[in-house]
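Listing of model_3.txt; format and content: compact mmCIF, C-alpha atoms and all ligand atoms.
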```
# COMPACT_ATOMS: atom_id res chain seq x y z
CA MET I 204 5.40 10.92 -22.99
CA LEU I 205 8.02 9.75 -20.53
CA THR I 206 6.84 8.18 -17.28
CA ARG I 207 8.34 5.93 -14.58
CA GLY I 208 7.13 2.63 -13.33
CA ALA I 209 7.94 -0.60 -11.52
CA ILE I 210 8.32 -3.57 -13.88
CA VAL I 211 9.38 -7.18 -13.62
CA ARG I 212 11.57 -8.22 -16.55
CA GLU I 213 11.02 -11.93 -15.95
CA ALA I 214 9.62 -14.25 -13.30
CA PRO I 215 10.84 -15.09 -10.79
CA GLY I 216 12.20 -11.57 -10.48
CA GLU I 217 11.92 -8.34 -8.55
CA TYR I 218 10.24 -5.03 -9.27
CA GLU I 219 12.63 -2.52 -10.76
CA VAL I 220 11.78 1.16 -11.31
CA VAL I 221 12.61 2.35 -14.83
CA ASP I 222 11.76 5.10 -17.31
CA LEU I 223 8.93 4.09 -19.62
CA GLU I 224 7.39 5.54 -22.77
CA LEU I 225 3.62 5.99 -22.51
CA ASP I 226 1.32 6.34 -25.53
CA ASP I 227 -1.47 8.90 -25.65
CA PRO I 228 -4.96 7.57 -25.05
CA GLN I 229 -6.99 6.50 -28.07
CA PRO I 230 -10.77 7.02 -28.21
CA ASP I 231 -12.37 5.09 -25.29
CA GLU I 232 -9.13 5.35 -23.30
CA VAL I 233 -7.90 7.78 -20.67
CA GLN I 234 -4.53 8.83 -19.35
CA VAL I 235 -4.35 9.06 -15.57
CA LYS I 236 -1.75 10.47 -13.20
CA VAL I 237 -1.66 7.79 -10.52
CA VAL I 238 -1.63 9.32 -7.05
CA ALA I 239 -1.55 6.20 -4.90
CA SER I 240 -1.36 2.44 -5.28
CA GLY I 241 -1.83 -0.33 -2.74
CA LEU I 242 0.75 -3.11 -2.54
CA CYS I 243 -1.47 -6.15 -2.99
CA HIS I 244 -0.07 -9.67 -2.68
CA SER I 245 -1.24 -10.45 -6.24
CA ASP I 246 1.47 -8.18 -7.71
CA ASP I 247 3.98 -10.17 -5.70
CA HIS I 248 2.57 -13.36 -7.26
CA ILE I 249 3.46 -11.81 -10.62
CA ALA I 250 7.07 -11.23 -9.49
CA THR I 251 7.46 -14.74 -8.05
CA GLY I 252 5.89 -16.27 -11.16
CA ASP I 253 3.08 -17.90 -9.16
CA ILE I 254 0.79 -16.02 -11.56
CA PRO I 255 2.49 -16.18 -14.97
CA VAL I 256 1.61 -13.41 -17.41
CA GLY I 257 1.59 -13.23 -21.19
CA THR I 258 4.05 -10.36 -21.68
CA TYR I 259 7.35 -9.56 -19.99
CA PRO I 260 8.47 -6.94 -19.07
CA PHE I 261 5.30 -6.40 -17.06
CA ALA I 262 4.35 -3.28 -15.11
CA GLY I 263 2.69 -4.08 -11.78
CA GLY I 264 -0.03 -2.52 -9.66
CA HIS I 265 -3.78 -2.90 -9.83
CA GLU I 266 -5.11 -1.13 -6.71
CA GLY I 267 -4.94 2.56 -7.49
CA ALA I 268 -6.53 5.96 -7.76
CA GLY I 269 -5.55 9.11 -9.60
CA VAL I 270 -6.46 12.17 -11.63
CA VAL I 271 -7.34 12.07 -15.33
CA THR I 272 -4.81 14.00 -17.40
CA LYS I 273 -6.04 13.27 -20.94
CA ALA I 274 -9.39 12.08 -22.26
CA HIS I 275 -11.31 12.23 -25.52
CA PRO I 276 -15.01 13.08 -25.28
CA ASN I 277 -16.47 9.75 -24.16
CA ARG I 278 -19.59 7.78 -23.26
CA LYS I 279 -18.84 7.98 -19.52
CA GLY I 280 -18.37 11.74 -19.51
CA ILE I 281 -14.96 11.34 -17.87
CA LYS I 282 -12.77 14.39 -18.40
CA GLU I 283 -9.43 15.90 -17.50
CA GLY I 284 -9.18 16.63 -13.78
CA ASP I 285 -11.67 13.94 -12.72
CA HIS I 286 -10.71 11.71 -9.82
CA VAL I 287 -10.92 8.01 -10.62
CA VAL I 288 -10.43 4.65 -8.97
CA PHE I 289 -8.91 1.97 -11.21
CA LEU I 290 -10.75 -1.33 -11.57
CA ALA I 291 -8.74 -4.51 -10.98
CA VAL I 292 -11.12 -6.14 -13.43
CA PRO I 293 -12.41 -4.12 -16.39
CA VAL I 294 -16.18 -3.75 -16.69
CA CYS I 295 -17.50 -3.54 -20.27
CA GLY I 296 -21.11 -3.35 -19.05
CA HIS I 297 -22.63 -5.46 -21.81
CA CYS I 298 -21.09 -8.96 -21.84
CA ARG I 299 -23.10 -11.86 -20.38
CA PHE I 300 -21.50 -11.45 -16.95
CA CYS I 301 -21.78 -7.65 -16.70
CA ALA I 302 -25.34 -7.74 -17.97
CA SER I 303 -26.31 -10.26 -15.31
CA GLY I 304 -24.81 -8.47 -12.31
CA ARG I 305 -21.49 -10.34 -12.21
CA GLN I 306 -19.13 -7.58 -13.29
CA ALA I 307 -16.10 -9.17 -11.63
CA LEU I 308 -16.26 -11.83 -14.32
CA CYS I 309 -16.44 -9.38 -17.25
CA ASP I 310 -15.28 -11.07 -20.43
CA LEU I 311 -12.68 -8.32 -20.94
CA GLY I 312 -10.91 -9.60 -17.81
CA ALA I 313 -11.02 -13.16 -19.00
CA GLY I 314 -8.40 -12.55 -21.65
CA ILE I 315 -6.27 -10.52 -19.35
CA LEU I 316 -3.49 -13.04 -18.75
CA ALA I 317 -3.03 -13.54 -22.48
CA GLY I 318 -0.66 -10.65 -23.21
CA PRO I 319 -1.68 -7.38 -24.85
CA ARG I 320 -4.51 -5.57 -23.11
CA TRP I 321 -6.16 -4.22 -26.22
CA THR I 322 -7.96 -6.43 -28.69
CA ASP I 323 -5.90 -5.07 -31.58
CA GLY I 324 -2.78 -6.55 -29.96
CA THR I 325 -1.12 -3.20 -29.28
CA TYR I 326 0.48 -1.85 -26.11
CA ARG I 327 0.45 1.57 -24.46
CA LEU I 328 3.65 1.18 -22.44
CA HIS I 329 7.15 0.56 -23.81
CA THR I 330 10.63 0.47 -22.38
CA ALA I 331 13.13 3.10 -23.56
CA ASP I 332 14.24 0.76 -26.41
CA GLY I 333 10.65 0.29 -27.61
CA THR I 334 9.96 -3.15 -26.10
CA PRO I 335 6.22 -3.52 -25.32
CA VAL I 336 5.37 -3.70 -21.61
CA GLY I 337 2.40 -5.70 -20.26
CA GLN I 338 -0.02 -3.94 -17.90
CA MET I 339 -1.25 -5.60 -14.71
CA CYS I 340 -5.01 -6.04 -14.98
CA GLY I 341 -4.83 -3.66 -17.95
CA ILE I 342 -3.91 -0.73 -15.69
CA SER I 343 -0.48 -0.84 -13.95
CA THR I 344 -0.80 1.48 -10.98
CA PHE I 345 2.92 1.15 -10.19
CA VAL I 346 3.41 3.53 -13.13
CA SER I 347 3.27 7.27 -12.36
CA THR I 348 1.10 8.09 -15.36
CA THR I 349 -0.71 5.30 -17.17
CA THR I 350 -3.06 4.89 -20.12
CA VAL I 351 -6.04 2.59 -19.61
CA SER I 352 -9.37 1.62 -21.10
CA LEU I 353 -12.41 3.66 -20.04
CA ASP I 354 -13.75 0.30 -18.83
CA SER I 355 -10.99 0.21 -16.20
CA VAL I 356 -11.91 3.36 -14.27
CA VAL I 357 -14.78 4.64 -12.15
CA LYS I 358 -15.16 8.36 -11.48
CA ILE I 359 -15.40 9.25 -7.79
CA ASP I 360 -16.17 12.43 -5.86
CA ASP I 361 -13.25 14.76 -5.15
CA ASP I 362 -13.69 14.74 -1.35
CA ILE I 363 -12.25 11.26 -0.82
CA PRO I 364 -8.45 11.27 -0.32
CA LEU I 365 -6.98 9.34 -3.24
CA ASP I 366 -4.47 7.52 -1.03
CA LYS I 367 -7.46 5.90 0.70
CA ALA I 368 -9.73 5.64 -2.33
CA CYS I 369 -7.14 3.44 -4.05
CA LEU I 370 -7.89 0.65 -1.57
CA VAL I 371 -11.44 0.10 -2.79
CA GLY I 372 -10.04 -0.76 -6.23
CA CYS I 373 -9.04 -4.22 -5.00
CA GLY I 374 -8.38 -5.02 -1.33
CA VAL I 375 -11.59 -3.61 0.12
CA GLY I 376 -13.87 -4.83 -2.65
CA THR I 377 -12.30 -8.28 -2.64
CA GLY I 378 -12.27 -8.84 1.12
CA TRP I 379 -15.59 -7.16 1.94
CA GLY I 380 -17.30 -8.87 -0.99
CA SER I 381 -15.85 -12.26 -0.01
CA ALA I 382 -17.89 -12.05 3.19
CA VAL I 383 -20.97 -10.10 2.06
CA ASN I 384 -21.40 -11.65 -1.41
CA ALA I 385 -19.41 -14.88 -1.74
CA ALA I 386 -20.00 -16.26 1.77
CA ALA I 387 -23.41 -14.50 2.01
CA VAL I 388 -22.84 -14.00 5.74
CA GLN I 389 -26.08 -13.68 7.71
CA PRO I 390 -26.89 -11.93 10.99
CA GLY I 391 -25.70 -14.06 13.91
CA ASP I 392 -23.24 -16.09 11.84
CA THR I 393 -19.93 -17.50 13.01
CA VAL I 394 -17.24 -16.69 10.44
CA ILE I 395 -13.57 -17.67 10.22
CA VAL I 396 -11.22 -15.46 8.19
CA MET I 397 -7.90 -17.21 7.53
CA GLY I 398 -5.23 -14.55 6.94
CA ALA I 399 -5.61 -11.04 8.37
CA GLY I 400 -3.68 -9.09 5.73
CA GLY I 401 -4.95 -6.46 3.29
CA ILE I 402 -7.73 -8.69 1.96
CA GLY I 403 -8.51 -10.54 5.19
CA VAL I 404 -9.19 -7.49 7.36
CA ASN I 405 -11.72 -6.34 4.77
CA ALA I 406 -13.39 -9.73 4.97
CA LEU I 407 -13.60 -9.06 8.72
CA GLN I 408 -15.23 -5.69 8.01
CA GLY I 409 -17.67 -7.30 5.56
CA ALA I 410 -18.59 -10.07 8.01
CA ALA I 411 -19.28 -7.47 10.69
CA HIS I 412 -21.43 -5.37 8.30
CA ALA I 413 -23.43 -8.46 7.34
CA GLY I 414 -24.22 -9.10 11.00
CA ALA I 415 -21.91 -11.96 11.99
CA THR I 416 -21.60 -12.07 15.77
CA THR I 417 -18.61 -14.37 16.08
CA ILE I 418 -15.78 -13.38 13.75
CA ILE I 419 -12.56 -15.33 14.18
CA ALA I 420 -9.38 -14.01 12.55
CA VAL I 421 -6.54 -16.48 12.03
CA ASP I 422 -2.99 -15.31 11.44
CA PRO I 423 0.45 -16.53 12.61
CA VAL I 424 1.73 -12.92 12.88
CA PRO I 425 1.06 -11.30 16.30
CA PHE I 426 0.71 -7.76 14.82
CA LYS I 427 -2.04 -9.02 12.49
CA ARG I 428 -3.90 -10.66 15.36
CA GLU I 429 -3.58 -7.47 17.42
CA SER I 430 -4.99 -5.39 14.53
CA ALA I 431 -7.87 -7.74 13.70
CA PRO I 432 -10.37 -6.45 16.35
CA THR I 433 -10.10 -2.94 14.84
CA PHE I 434 -11.75 -4.36 11.72
CA GLY I 435 -14.44 -6.39 13.51
CA ALA I 436 -12.82 -9.62 14.68
CA THR I 437 -14.28 -10.83 17.97
CA HIS I 438 -11.44 -13.34 18.37
CA ALA I 439 -7.95 -13.67 16.90
CA VAL I 440 -6.02 -16.94 16.96
CA GLU I 441 -2.82 -18.36 15.53
CA THR I 442 -3.97 -21.55 13.78
CA MET I 443 -6.96 -22.97 11.93
CA ASP I 444 -7.17 -25.78 14.50
CA GLU I 445 -7.78 -23.19 17.22
CA ALA I 446 -10.28 -21.35 15.04
CA ALA I 447 -12.21 -24.51 14.20
CA GLU I 448 -12.37 -25.49 17.87
CA LEU I 449 -13.55 -22.01 18.84
CA ALA I 450 -16.19 -22.01 16.09
CA ARG I 451 -17.52 -25.36 17.34
CA GLN I 452 -17.82 -23.90 20.86
CA PHE I 453 -20.04 -21.09 19.54
CA THR I 454 -22.22 -23.36 17.37
CA ASN I 455 -23.11 -26.33 19.56
CA GLY I 456 -20.34 -28.35 17.96
CA GLN I 457 -21.49 -27.75 14.38
CA GLY I 458 -18.71 -25.56 12.99
CA ALA I 459 -18.45 -22.12 11.39
CA ASP I 460 -21.13 -20.94 8.97
CA SER I 461 -18.35 -19.86 6.64
CA ALA I 462 -14.57 -19.85 6.37
CA ILE I 463 -12.93 -17.27 4.09
CA LEU I 464 -9.38 -18.09 2.95
CA THR I 465 -7.23 -14.99 2.40
CA VAL I 466 -3.70 -16.26 3.12
CA GLY I 467 -0.90 -14.88 0.92
CA VAL I 468 -0.13 -18.11 -0.94
CA LEU I 469 -2.93 -20.66 -0.89
CA THR I 470 -2.15 -24.36 -0.61
CA ALA I 471 -4.27 -27.48 -0.87
CA GLU I 472 -3.88 -27.94 2.89
CA HIS I 473 -5.53 -24.56 3.57
CA VAL I 474 -8.57 -25.56 1.53
CA GLY I 475 -8.85 -28.81 3.50
CA GLN I 476 -8.64 -26.85 6.76
CA GLY I 477 -11.33 -24.39 5.63
CA LEU I 478 -13.72 -27.14 4.58
CA ALA I 479 -13.14 -29.05 7.81
CA ALA I 480 -13.95 -25.98 9.91
CA ILE I 481 -17.42 -25.27 8.47
CA ARG I 482 -20.78 -26.76 9.43
CA LYS I 483 -23.22 -28.71 7.28
CA ASP I 484 -24.39 -26.53 4.37
CA GLY I 485 -21.63 -24.04 5.20
CA THR I 486 -19.43 -22.21 2.70
CA CYS I 487 -15.66 -22.20 2.31
CA VAL I 488 -14.69 -19.18 0.23
CA VAL I 489 -11.38 -19.29 -1.66
CA THR I 490 -10.22 -15.71 -2.19
CA ALA I 491 -6.47 -16.30 -1.93
CA MET I 492 -4.45 -17.13 -5.01
CA ALA I 493 -2.42 -20.32 -5.28
CA PRO I 494 0.40 -20.70 -7.78
CA LEU I 495 -1.54 -21.33 -11.00
CA ALA I 496 0.25 -24.64 -11.42
CA GLU I 497 -0.95 -25.84 -7.98
CA VAL I 498 -3.56 -28.61 -8.09
CA GLY I 499 -5.27 -30.95 -5.68
CA ALA I 500 -6.98 -29.94 -2.47
CA GLN I 501 -7.55 -32.51 0.26
CA VAL I 502 -11.33 -32.70 0.17
CA ALA I 503 -13.28 -35.43 1.94
CA LEU I 504 -15.44 -36.18 -1.11
CA GLY I 505 -18.10 -38.19 0.71
CA ASP I 506 -18.43 -35.43 3.27
CA LEU I 507 -19.13 -32.85 0.53
CA ALA I 508 -22.35 -34.59 -0.54
CA LEU I 509 -23.43 -35.76 2.88
CA SER I 510 -22.88 -32.36 4.47
CA GLN I 511 -23.85 -30.16 1.50
CA LYS I 512 -20.71 -28.07 2.01
CA ARG I 513 -19.91 -25.45 -0.62
CA LEU I 514 -16.42 -24.66 -1.94
CA GLN I 515 -16.76 -21.19 -3.48
CA GLY I 516 -14.04 -19.38 -5.41
CA THR I 517 -14.31 -15.64 -5.75
CA LEU I 518 -12.79 -13.03 -8.03
CA PHE I 519 -12.86 -9.51 -6.55
CA GLY I 520 -15.37 -10.72 -3.93
CA HIS I 521 -18.12 -11.17 -6.53
CA SER I 522 -18.19 -7.37 -6.71
CA ASN I 523 -20.02 -5.15 -9.15
CA PRO I 524 -17.40 -2.40 -8.99
CA THR I 525 -19.31 0.34 -10.80
CA TRP I 526 -21.79 0.31 -7.91
CA ASP I 527 -19.78 -1.23 -5.07
CA ILE I 528 -16.97 1.33 -5.24
CA ARG I 529 -19.40 4.21 -4.78
CA ARG I 530 -21.24 2.41 -1.98
CA GLN I 531 -18.01 1.54 -0.16
CA LEU I 532 -16.80 5.14 -0.39
CA GLN I 533 -20.15 6.27 1.05
CA LEU I 534 -19.72 3.79 3.92
CA TYR I 535 -16.28 5.34 4.50
CA ARG I 536 -17.75 8.86 4.52
CA ASP I 537 -20.36 7.67 7.02
CA GLY I 538 -17.64 6.29 9.28
CA ALA I 539 -18.89 2.72 8.83
CA LEU I 540 -15.98 1.40 6.71
CA LYS I 541 -12.41 1.78 7.86
CA LEU I 542 -9.94 2.82 5.15
CA ASP I 543 -7.48 5.07 7.05
CA GLU I 544 -6.66 2.23 9.45
CA LEU I 545 -5.81 -0.12 6.57
CA VAL I 546 -2.69 1.84 5.62
CA THR I 547 0.21 0.90 7.87
CA ARG I 548 2.99 2.55 5.86
CA THR I 549 3.43 4.63 2.73
CA TYR I 550 6.32 4.33 0.28
CA THR I 551 7.75 6.20 -2.67
CA LEU I 552 7.69 4.37 -6.01
CA ASP I 553 11.42 3.69 -5.63
CA GLU I 554 10.70 1.88 -2.36
CA VAL I 555 8.39 -0.70 -3.96
CA THR I 556 10.62 -3.70 -3.19
CA GLN I 557 10.99 -2.51 0.42
CA GLY I 558 7.19 -2.41 0.56
CA TYR I 559 7.00 -6.04 -0.52
CA ARG I 560 9.75 -7.00 1.92
CA ASP I 561 7.68 -5.43 4.69
CA MET I 562 4.58 -7.31 3.48
CA HIS I 563 6.46 -10.62 3.65
CA GLU I 564 7.75 -9.76 7.13
CA GLY I 565 4.17 -9.18 8.29
CA LYS I 566 4.74 -5.49 9.06
CA ASN I 567 1.84 -4.05 7.06
CA ILE I 568 -1.90 -4.45 6.86
CA ARG I 569 -1.51 -2.55 3.59
CA GLY I 570 1.49 -0.67 2.28
CA VAL I 571 0.64 2.14 -0.15
CA ILE I 572 2.86 3.80 -2.76
CA ARG I 573 2.38 7.56 -3.05
CA HIS I 574 3.57 8.66 -6.46
CA ASP I 575 4.00 12.31 -5.46
N1 LIG R 601 -9.63 -13.43 -5.50
C1 LIG R 601 -9.28 -12.18 -5.79
O1 LIG R 601 -9.94 -11.49 -6.57
C2 LIG R 601 -8.09 -11.60 -5.16
C3 LIG R 601 -7.19 -12.39 -4.49
N2 LIG R 601 -6.11 -11.86 -3.88
C4 LIG R 601 -5.24 -12.79 -3.18
O2 LIG R 601 -5.58 -12.77 -1.79
C5 LIG R 601 -4.45 -13.21 -1.04
C6 LIG R 601 -4.18 -12.26 0.11
O3 LIG R 601 -3.70 -11.03 -0.38
P1 LIG R 601 -3.22 -9.89 0.63
O4 LIG R 601 -4.18 -9.73 1.72
O5 LIG R 601 -2.85 -8.73 -0.21
O6 LIG R 601 -1.90 -10.55 1.22
P2 LIG R 601 -1.16 -10.26 2.62
O7 LIG R 601 0.20 -10.81 2.48
O8 LIG R 601 -1.36 -8.83 2.97
O9 LIG R 601 -2.01 -11.11 3.67
C7 LIG R 601 -1.92 -12.50 3.82
C8 LIG R 601 -2.01 -12.83 5.29
O10 LIG R 601 -2.06 -14.25 5.42
C9 LIG R 601 -1.35 -14.57 6.61
N3 LIG R 601 -1.02 -15.99 6.60
C10 LIG R 601 0.00 -16.64 5.97
N4 LIG R 601 -0.08 -17.97 6.22
C11 LIG R 601 -1.17 -18.16 7.01
C12 LIG R 601 -1.77 -19.31 7.62
N5 LIG R 601 -1.28 -20.54 7.44
N6 LIG R 601 -2.87 -19.14 8.38
C13 LIG R 601 -3.40 -17.89 8.56
N7 LIG R 601 -2.87 -16.79 8.03
C14 LIG R 601 -1.77 -16.91 7.24
C15 LIG R 601 -0.15 -13.62 6.58
O11 LIG R 601 0.46 -13.48 7.84
C16 LIG R 601 -0.81 -12.34 6.11
O12 LIG R 601 -1.26 -11.56 7.20
C17 LIG R 601 -3.29 -13.32 -2.05
O13 LIG R 601 -3.17 -14.66 -2.46
C18 LIG R 601 -3.77 -12.46 -3.20
O14 LIG R 601 -3.18 -12.81 -4.41
C19 LIG R 601 -5.88 -10.52 -3.85
C20 LIG R 601 -6.72 -9.68 -4.51
C21 LIG R 601 -7.87 -10.15 -5.25
N1 LIG R 602 -7.13 -12.89 -15.81
C1 LIG R 602 -8.26 -13.06 -15.00
C2 LIG R 602 -8.77 -11.72 -14.59
C3 LIG R 602 -8.58 -11.62 -13.16
C4 LIG R 602 -7.37 -10.85 -12.75
O1 LIG R 602 -7.28 -9.73 -13.14
N2 LIG R 602 -6.51 -11.45 -11.94
C5 LIG R 602 -5.45 -10.73 -11.36
C6 LIG R 602 -5.36 -11.06 -9.92
S1 LIG R 602 -6.86 -10.54 -9.13
C7 LIG R 602 -6.32 -9.25 -8.24
O2 LIG R 602 -5.53 -9.34 -7.41
C8 LIG R 602 -4.18 -11.04 -12.02
O3 LIG R 602 -3.36 -11.72 -11.52
N3 LIG R 602 -4.01 -10.49 -13.18
C9 LIG R 602 -2.83 -10.68 -13.94
C10 LIG R 602 -2.88 -9.91 -15.23
O4 LIG R 602 -2.42 -10.46 -16.22
O5 LIG R 602 -3.34 -8.78 -15.23
C11 LIG R 602 -9.29 -13.83 -15.75
O6 LIG R 602 -8.87 -14.64 -16.55
O7 LIG R 602 -10.45 -13.64 -15.50
```
How would this structure read if it were set down as structure tokens?
Amino acid sequence: MLTRGAIVREAPGEYEVVDLELDDPQPDEVQVKVVASGLCHSDDHIATGDIPVGTYPFAGGHEGAGVVTKAHPNRKGIKEGDHVVFLAVPVCGHCRFCASGRQALCDLGAGILAGPRWTDGTYRLHTADGTPVGQMCGISTFVSTTTVSLDSVVKIDDDIPLDKACLVGCGVGTGWGSAVNAAAVQPGDTVIVMGAGGIGVNALQGAAHAGATTIIAVDPVPFKRESAPTFGATHAVETMDEAAELARQFTNGQGADSAILTVGVLTAEHVGQGLAAIRKDGTCVVTAMAPLAEVGAQVALGDLALSQKRLQGTLFGHSNPTWDIRRQLQLYRDGALKLDELVTRTYTLDEVTQGYRDMHEGKNIRGVIRHD
């Protein structure tokens, strides 16, 4: 069938909305009409080339929700008309990582940068002249109707608006999980969140849920600092130096229990700042992506051993999406997790590059594309 989607033809490049040919789903696949997709910074990393991918052209978008339009009878019981959230990382359920409660590291995701999304080397999306198109995280939620593996969707209840549900597919799970799981925030903790964008504000929410009592948001953009208290920040400052000083004031000079790095483009300097701001036996969580070619953080090596500090990377906030998505949507229903407030602006698919311009100008907590 014919569909439309935002692709990058090469990197560095820009998203461009084009007609695409979409294949029917094979057994263990579903076709989904995408209703909404968040504009995560990771899709921008694809366009800039900071995250190189195996196949160009490449259709972006990995934070989405929609309605199933075609499905074969399948092991998950997913059928036409079901509402689903897409998974930024597929979950096979039986690899070593899935089987041991670390679904974010599912082996199916591990090959994801390599090119084709299906093990037989085929593609489901093609340009009008038949050229295969790569799919972001195996899904591509910047495409109006997409075909994905059954392992890349979770069925959700119909009562949750899909333009909010899409956010738990990446931004919420990643940020919230960075605090709750990766930093293992404890009641009474002092937490620094560096970067109060789409991921960072969810780290603020996670830190608050886990019981942190001093939650310091750091962002150079005034609008982000003004928004941070809505999501649980007790303080909002412009620089990591200010945050580190503030954390020391609240901890008898020791430093923050954890620092969670969610800036748009991570640098070695940010990692050094995060490590310097935490106390002995504290945790610096690296959620933000750096250009894959970037190496070399400034780490005081002696200090690492002497102070038992932890440098902890995290993919999707150490989430187990098949459970975490349902639990986060229940928290939303209960009024305990803010999703409505995350969406600053909505865009049509054709406005995707404007959405990213607005992200770079610091105008949005999250921009969301509505495909209808
Ligand atoms: N580890 C994972 O599984 C995932 C990682 N990511 C990554 O997380 C990062 C954040 O993504 P989004 O929140 O969507 O981006 P965003 O652009 O919405 O937010 C980044 C924020 O960092 C702020 N910032 C920039 N420089 C800063 C500095 N020096 N100090 C403090 N704040 C600073 C910006 O003003 C902005 O508010 C990106 O690198 C993205 O690729 C995103 C999804 C999943
Ligand atoms: N390829 C990774 C799997 C993790 C992953 O999906 N990474 C995303 C960014 S995380 C969400 O923002 C990504 O950039 N994917 C690019 C793609 O090719 O789909 C692994 O090796 O584990």
Q: Check which residues fall inside 10 Å of ligand LIG 602 (chain R) when counting all atoms listed in the file, and print them as a PyMOL selection string.
A: chain I and resi 243-249+253-258+261-266+290-293+307-320+337-343+372-374+377+402+490-492+495+517-520
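Between atom CA of I:Ala382 and atom CA of I:Thr416 there is a distance of 13.1 Å.
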Q: May I have the residues within 8 Å of I:Met397 as a ChimeraX atom specification, using only C-alpha atoms and disregarding those fewer than 5 positions away in the same chain?
A: /I:403,420-422,443,462-466
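Distances to I:Leu353 were evaluated for I:Arg299, I:Lys282, I:Lys367, I:Arg536 using all atoms listed in the file, and the minimum falls at I:Lys282.
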Q: Go through I:Val356, I:Ala368, I:Leu328, I:Leu545 and flag the residue nearest I:Asn405, using all atoms listed in the file for the distances.
A: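 Once distances to I:Asn405 are computed over all atoms listed in the file, the minimum belongs to I:Leu545.
You will find atom CA of I:Leu504 at 12.9 Å from atom CA of I:Val474.
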Q. Hey, which of I:Ala274, I:Ile568, I:Val221, I:Ala436 ends up closest to ligand LIG 601 (chain R)? Count only C-alpha atoms and all ligand atoms.
A.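 Among I:Ala274, I:Ile568, I:Val221, I:Ala436, it is I:Ile568 that comes nearest to ligand LIG 601 (chain R).
Our summary of the geometry notes that atom O6 of ligand LIG 601 (chain R) is positioned 26.9 Å from atom CA of I:Pro390.
Nearest residue to ligand LIG 601 (chain R) among I:Ser430, I:Thr417, I:Ser355, I:Thr551 is I:Ser430, counting all atoms listed in the file.
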Q. In terms of the shortest atom-to-atom distance over only C-alpha atoms and all ligand atoms, which of I:Gly505, I:Pro423, I:Pro215, I:Gly333 is closest to ligand LIG 601 (chain R)?
A.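 Smallest separation from ligand LIG 601 (chain R) among the options: I:Pro423.
Residues in contact with I:Glu448 at 10 Å, where all atoms listed in the file are counted and same-chain residues fewer than 5 positions away are skipped, are listed as I:Met443, I:Phe453, I:Gly456, I:Gly458, I:Ala459, I:Ala480.
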As an mmCIF file with C-alpha atoms, keeping the file's coordinate frame, please: the residues near I:Val388 (cut-off 12 Å, only C-alpha atoms, same-chain neighbours under 3 positions excluded).
```cif
data_model
loop_
_atom_site.group_PDB
_atom_site.id
_atom_site.type_symbol
_atom_site.label_atom_id
_atom_site.label_comp_id
_atom_site.auth_asym_id
_atom_site.auth_seq_id
_atom_site.Cartn_x
_atom_site.Cartn_y
_atom_site.Cartn_z
ATOM 1 C CA TRP I 379 -15.590 -7.160 1.940
ATOM 2 C CA GLY I 380 -17.300 -8.870 -0.990
ATOM 3 C CA SER I 381 -15.850 -12.260 -0.010
ATOM 4 C CA ALA I 382 -17.890 -12.050 3.190
ATOM 5 C CA VAL I 383 -20.970 -10.100 2.060
ATOM 6 C CA ASN I 384 -21.400 -11.650 -1.410
ATOM 7 C CA ALA I 385 -19.410 -14.880 -1.740
ATOM 8 C CA GLY I 391 -25.700 -14.060 13.910
ATOM 9 C CA ASP I 392 -23.240 -16.090 11.840
ATOM 10 C CA THR I 393 -19.930 -17.500 13.010
ATOM 11 C CA VAL I 394 -17.240 -16.690 10.440
ATOM 12 C CA ILE I 395 -13.570 -17.670 10.220
ATOM 13 C CA VAL I 396 -11.220 -15.460 8.190
ATOM 14 C CA ALA I 406 -13.390 -9.730 4.970
ATOM 15 C CA LEU I 407 -13.600 -9.060 8.720
ATOM 16 C CA GLN I 408 -15.230 -5.690 8.010
ATOM 17 C CA GLY I 409 -17.670 -7.300 5.560
ATOM 18 C CA ALA I 410 -18.590 -10.070 8.010
ATOM 19 C CA ALA I 411 -19.280 -7.470 10.690
ATOM 20 C CA HIS I 412 -21.430 -5.370 8.300
ATOM 21 C CA ALA I 413 -23.430 -8.460 7.340
ATOM 22 C CA GLY I 414 -24.220 -9.100 11.000
ATOM 23 C CA ALA I 415 -21.910 -11.960 11.990
ATOM 24 C CA THR I 416 -21.600 -12.070 15.770
ATOM 25 C CA THR I 417 -18.610 -14.370 16.080
ATOM 26 C CA ILE I 418 -15.780 -13.380 13.750
ATOM 27 C CA ALA I 459 -18.450 -22.120 11.390
ATOM 28 C CA ASP I 460 -21.130 -20.940 8.970
ATOM 29 C CA SER I 461 -18.350 -19.860 6.640
ATOM 30 C CA ALA I 462 -14.570 -19.850 6.370
ATOM 31 C CA ILE I 463 -12.930 -17.270 4.090
ATOM 32 C CA GLY I 485 -21.630 -24.040 5.200
ATOM 33 C CA THR I 486 -19.430 -22.210 2.700
ATOM 34 C CA CYS I 487 -15.660 -22.200 2.310
ATOM 35 C CA VAL I 488 -14.690 -19.180 0.230
#
```
Q.
I'd like to know which of I:Gly475, I:Gly241, I:Pro524, I:Pro432 is closest to ligand LIG 601 (chain R), using all atoms listed in the file.
A.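 Counting all atoms listed in the file, the residue closest to ligand LIG 601 (chain R) is I:Gly241.
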Q. Near I:Ala209, within 8 Å and counting all atoms listed in the file, which residues show up once chain neighbours fewer than 2 positions away are dropped, as a PyMOL selection string?
A. chain I and resi 207+211+218-221+262-263+345-346+552+555
Q.
Residues within 9 Å of (-0.9, 8.2, -6.8), file coordinates, counting only C-alpha atoms: what are they? Give the list as number ranges by chain.
A. I: 236-240, 267-270, 344-348, 365-366, 369, 572-575
